[in-house]
Structure formats: C-alpha cells, structure tokens
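Below: one structure, written as structure tokens.
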Amino acid sequence: VEAGRAALPVVTSAAGGTEEIICHEKTGYIYPINQPQAGLAYVKNLYENPALRTQLGKAGRERYTSEFKAEGMGQKWAAFFDQHTQAST
C-alpha cells in the first residue's frame with residue numbers, strides 16, 4: 001500500500017494477501033513464492049525500463065487513491081452500510 005502511495009511499482013511473492021493489493025502487470029508484479037528467480041527477472045525488467053516503472057507506479061498511485069486512502073475507504077464503507085441497512089428495513 002505504501003509503495004502505491006509513493007507511486008512505486010511493486011515486485012512481491014504471492015504470499016500474505018499480496019494479490020488483494022497488487023494488480024499483476026498493472027501496479028507491479030507478483031511471482032510464485034517458490035520461484036524467486038521470477039521475482040529477480042521482474043526487478044531486472046523494471047530496472048531496464050524506466051517508462052514501465054513510471055507507468056506501473058502511476059497505476060499504483062491511482063489504485064492507492066481510489067482503494068486505500070482513508071477518504072475513499074470511508075465512502076465505500078458508508079455506501080456498504082447504507083446498502084445493507086436499507087435492505088434490512
């Protein structure tokens with residue numbers, strides 16, 4: 001989440017819920033936990049492609065703003081509660 005806030009792309013293994021935060025090939029890369037060489041290849045690719053780093057970082061920042069920033073999350077929770085409270089009345 002903090003990398004998205006900083007507009008930085010992420011390379012991470014598929015562990016601990018990373019798939020819920022990182023969008024593979026949109027905001028960064030997720031590689032199988034038992035294939036660290038795949039992670040290294042992704043890091044090398046980002047190192048060699050500054051435009052791609054910028055693109056993924058920008059997408060990460062946009063995702064952070066829409067999905068994880070306090071104001072956006074508050075609005076989503078309010079809408080969720082409104083929807084479910086109205087359904088039960």
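To be explicit about the labels: the chains of the structure tokens are called A, B, and onward in the order shown, and within each one the residues are counted from 1, while ligands get numbers from 1 in the order they are shown.
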
Show me, as a PDB file with N, CA and C atoms, in the first residue's frame, the residues that have an atom within 12 Å of A:Gly39 when counting only C-alpha atoms, minus same-chain residues fewer than 3 positions from it.
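The resulting file, part-v9.pdb, is shown below:
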```pdb
ATOM      1  N   VAL A  10       5.680  -2.458  -7.568  1.00  0.00           N
ATOM      2  CA  VAL A  10       5.985  -3.476  -6.561  1.00  0.00           C
ATOM      3  C   VAL A  10       6.338  -4.789  -7.247  1.00  0.00           C
ATOM      4  N   VAL A  11       7.327  -5.469  -6.706  1.00  0.00           N
ATOM      5  CA  VAL A  11       7.629  -6.852  -7.076  1.00  0.00           C
ATOM      6  C   VAL A  11       7.555  -7.640  -5.780  1.00  0.00           C
ATOM      7  N   THR A  12       6.661  -8.619  -5.736  1.00  0.00           N
ATOM      8  CA  THR A  12       6.435  -9.366  -4.494  1.00  0.00           C
ATOM      9  C   THR A  12       6.039 -10.802  -4.795  1.00  0.00           C
ATOM     10  N   SER A  13       6.226 -11.661  -3.812  1.00  0.00           N
ATOM     11  CA  SER A  13       5.791 -13.047  -3.965  1.00  0.00           C
ATOM     12  C   SER A  13       4.308 -13.149  -3.623  1.00  0.00           C
ATOM     13  N   ALA A  14       3.695 -14.205  -4.101  1.00  0.00           N
ATOM     14  CA  ALA A  14       2.267 -14.442  -3.877  1.00  0.00           C
ATOM     15  C   ALA A  14       2.069 -15.037  -2.491  1.00  0.00           C
ATOM     16  N   GLY A  28       2.325  -3.628 -10.524  1.00  0.00           N
ATOM     17  CA  GLY A  28       3.557  -4.316 -10.159  1.00  0.00           C
ATOM     18  C   GLY A  28       3.505  -5.751 -10.635  1.00  0.00           C
ATOM     19  N   TYR A  29       4.339  -6.560 -10.012  1.00  0.00           N
ATOM     20  CA  TYR A  29       4.415  -7.967 -10.404  1.00  0.00           C
ATOM     21  C   TYR A  29       4.327  -8.867  -9.179  1.00  0.00           C
ATOM     22  N   ILE A  30       3.614  -9.975  -9.348  1.00  0.00           N
ATOM     23  CA  ILE A  30       3.513 -10.995  -8.307  1.00  0.00           C
ATOM     24  C   ILE A  30       4.061 -12.286  -8.902  1.00  0.00           C
ATOM     25  N   TYR A  31       5.006 -12.884  -8.200  1.00  0.00           N
ATOM     26  CA  TYR A  31       5.597 -14.133  -8.688  1.00  0.00           C
ATOM     27  C   TYR A  31       5.331 -15.250  -7.681  1.00  0.00           C
ATOM     28  N   PRO A  32       5.323 -16.500  -8.137  1.00  0.00           N
ATOM     29  CA  PRO A  32       5.084 -17.629  -7.239  1.00  0.00           C
ATOM     30  C   PRO A  32       6.135 -17.670  -6.122  1.00  0.00           C
ATOM     31  N   ILE A  33       5.688 -17.973  -4.939  1.00  0.00           N
ATOM     32  CA  ILE A  33       6.560 -17.931  -3.762  1.00  0.00           C
ATOM     33  C   ILE A  33       7.774 -18.847  -3.899  1.00  0.00           C
ATOM     34  N   ASN A  34       7.635 -19.920  -4.643  1.00  0.00           N
ATOM     35  CA  ASN A  34       8.748 -20.863  -4.793  1.00  0.00           C
ATOM     36  C   ASN A  34       9.601 -20.590  -6.031  1.00  0.00           C
ATOM     37  N   GLN A  35       9.439 -19.394  -6.636  1.00  0.00           N
ATOM     38  CA  GLN A  35      10.204 -19.050  -7.830  1.00  0.00           C
ATOM     39  C   GLN A  35      10.857 -17.670  -7.696  1.00  0.00           C
ATOM     40  N   PRO A  36      11.810 -17.541  -6.776  1.00  0.00           N
ATOM     41  CA  PRO A  36      12.441 -16.228  -6.592  1.00  0.00           C
ATOM     42  C   PRO A  36      13.149 -15.714  -7.842  1.00  0.00           C
ATOM     43  N   TYR A  42      11.610  -9.878 -12.859  1.00  0.00           N
ATOM     44  CA  TYR A  42      10.730  -8.704 -12.834  1.00  0.00           C
ATOM     45  C   TYR A  42      11.489  -7.452 -12.388  1.00  0.00           C
ATOM     46  N   VAL A  43      12.323  -7.590 -11.380  1.00  0.00           N
ATOM     47  CA  VAL A  43      13.122  -6.449 -10.906  1.00  0.00           C
ATOM     48  C   VAL A  43      14.038  -5.966 -12.025  1.00  0.00           C
ATOM     49  N   LYS A  44      14.679  -6.903 -12.708  1.00  0.00           N
ATOM     50  CA  LYS A  44      15.572  -6.541 -13.815  1.00  0.00           C
ATOM     51  C   LYS A  44      14.796  -5.823 -14.915  1.00  0.00           C
ATOM     52  N   ASN A  45      13.613  -6.317 -15.231  1.00  0.00           N
ATOM     53  CA  ASN A  45      12.782  -5.696 -16.255  1.00  0.00           C
ATOM     54  C   ASN A  45      12.442  -4.248 -15.877  1.00  0.00           C
ATOM     55  N   LEU A  46      12.076  -4.020 -14.627  1.00  0.00           N
ATOM     56  CA  LEU A  46      11.769  -2.660 -14.183  1.00  0.00           C
ATOM     57  C   LEU A  46      13.011  -1.777 -14.193  1.00  0.00           C
TER      58      LEU A  46
END
```

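Every protein or nucleic acid residue with an atom no more than 12 Å from A:Phe68, counting only C-alpha atoms and leaving out same-chain residues fewer than 2 positions away, appears here: Val1, Glu2, Ala3, Gly4, Arg5, Glu20, Ile21, Ile22, Gly60, Arg61, Glu62, Arg63, Tyr64, Thr65, Ser66, Ala70, Glu71, Gly72, Met73, Gly74, Gln75, Lys76 and Trp77 of chain A.
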
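Shortest separation to A:Asn49 among A:Pro9, A:Thr85, A:Ala15, A:His24 occurs at residue A:Pro9, atoms counted being only C-alpha atoms.
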
Q: Based on DSSP run over this structure's backbone, return all residues of chain A in strand (DSSP E or B), as a ChimeraX atom specification.
A: /A:10-13,24,28-31

File dump, residues just selected, C-alpha atoms, as a tab-separated table (two decimals), in the first residue's frame:
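Result file follows (result-v4.tsv):
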```tsv
chain	number	residue	atom	x	y	z
A	10	VAL	CA	5.99	-3.48	-6.56
A	11	VAL	CA	7.63	-6.85	-7.08
A	12	THR	CA	6.44	-9.37	-4.49
A	13	SER	CA	5.79	-13.05	-3.97
A	24	HIS	CA	-0.25	-8.13	-11.53
A	28	GLY	CA	3.56	-4.32	-10.16
A	29	TYR	CA	4.41	-7.97	-10.40
A	30	ILE	CA	3.51	-11.00	-8.31
A	31	TYR	CA	5.60	-14.13	-8.69
```

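For the pair atom CA of A:Ala41 and atom CA of A:Glu67, the interatomic distance is 28.2 Å.
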
(Q) Can you tell me, as a PyMOL selection string, which residues in stretch 1-88 of chain A count as alpha helix (DSSP H) by DSSP? (A) chain A and resi 2-5+36-48+50-63+70-87

Generate the output file for the selected residues, C-alpha atoms, as a PDB file, in the first residue's frame.
```pdb
ATOM      1  CA  GLU A   2       2.797   2.430   0.888  1.00  0.00           C
ATOM      2  CA  ALA A   3       4.561   1.776  -2.419  1.00  0.00           C
ATOM      3  CA  GLY A   4       1.360   2.740  -4.208  1.00  0.00           C
ATOM      4  CA  ARG A   5       1.160   5.906  -2.157  1.00  0.00           C
ATOM      5  CA  PRO A  36      12.441 -16.228  -6.592  1.00  0.00           C
ATOM      6  CA  GLN A  37      14.206 -16.177  -9.961  1.00  0.00           C
ATOM      7  CA  ALA A  38      10.942 -14.907 -11.464  1.00  0.00           C
ATOM      8  CA  GLY A  39      10.996 -12.041  -8.970  1.00  0.00           C
ATOM      9  CA  LEU A  40      14.546 -11.216  -9.970  1.00  0.00           C
ATOM     10  CA  ALA A  41      13.524 -11.168 -13.641  1.00  0.00           C
ATOM     11  CA  TYR A  42      10.730  -8.704 -12.834  1.00  0.00           C
ATOM     12  CA  VAL A  43      13.122  -6.449 -10.906  1.00  0.00           C
ATOM     13  CA  LYS A  44      15.572  -6.541 -13.815  1.00  0.00           C
ATOM     14  CA  ASN A  45      12.782  -5.696 -16.255  1.00  0.00           C
ATOM     15  CA  LEU A  46      11.769  -2.660 -14.183  1.00  0.00           C
ATOM     16  CA  TYR A  47      15.395  -1.586 -13.806  1.00  0.00           C
ATOM     17  CA  GLU A  48      15.866  -1.666 -17.576  1.00  0.00           C
ATOM     18  CA  PRO A  50      12.095   3.451 -16.740  1.00  0.00           C
ATOM     19  CA  ALA A  51       8.879   4.146 -18.681  1.00  0.00           C
ATOM     20  CA  LEU A  52       7.377   0.898 -17.391  1.00  0.00           C
ATOM     21  CA  ARG A  53       8.429   1.791 -13.831  1.00  0.00           C
ATOM     22  CA  THR A  54       6.640   5.103 -14.189  1.00  0.00           C
ATOM     23  CA  GLN A  55       3.555   3.520 -15.731  1.00  0.00           C
ATOM     24  CA  LEU A  56       3.186   0.860 -13.028  1.00  0.00           C
ATOM     25  CA  GLY A  57       3.972   3.378 -10.293  1.00  0.00           C
ATOM     26  CA  LYS A  58       1.345   5.790 -11.578  1.00  0.00           C
ATOM     27  CA  ALA A  59      -1.234   2.990 -11.716  1.00  0.00           C
ATOM     28  CA  GLY A  60      -0.287   2.014  -8.171  1.00  0.00           C
ATOM     29  CA  ARG A  61      -0.807   5.591  -7.003  1.00  0.00           C
ATOM     30  CA  GLU A  62      -4.215   5.697  -8.679  1.00  0.00           C
ATOM     31  CA  ARG A  63      -5.178   2.403  -7.036  1.00  0.00           C
ATOM     32  CA  ALA A  70      -8.869   6.979   4.141  1.00  0.00           C
ATOM     33  CA  GLU A  71     -11.425   9.199   2.396  1.00  0.00           C
ATOM     34  CA  GLY A  72     -12.120   6.653  -0.320  1.00  0.00           C
ATOM     35  CA  MET A  73     -12.380   3.785   2.136  1.00  0.00           C
ATOM     36  CA  GLY A  74     -14.717   5.806   4.336  1.00  0.00           C
ATOM     37  CA  GLN A  75     -17.014   6.471   1.397  1.00  0.00           C
ATOM     38  CA  LYS A  76     -17.019   2.796   0.434  1.00  0.00           C
ATOM     39  CA  TRP A  77     -17.844   1.705   3.987  1.00  0.00           C
ATOM     40  CA  ALA A  78     -20.625   4.298   4.221  1.00  0.00           C
ATOM     41  CA  ALA A  79     -22.118   3.069   0.936  1.00  0.00           C
ATOM     42  CA  PHE A  80     -21.824  -0.539   2.109  1.00  0.00           C
ATOM     43  CA  PHE A  81     -23.637   0.194   5.377  1.00  0.00           C
ATOM     44  CA  ASP A  82     -26.277   2.279   3.624  1.00  0.00           C
ATOM     45  CA  GLN A  83     -26.948  -0.521   1.168  1.00  0.00           C
ATOM     46  CA  HIS A  84     -27.183  -3.206   3.816  1.00  0.00           C
ATOM     47  CA  THR A  85     -29.193  -1.143   6.290  1.00  0.00           C
ATOM     48  CA  GLN A  86     -31.756  -0.236   3.640  1.00  0.00           C
ATOM     49  CA  ALA A  87     -32.031  -3.866   2.551  1.00  0.00           C
TER      50      ALA A  87
END
```
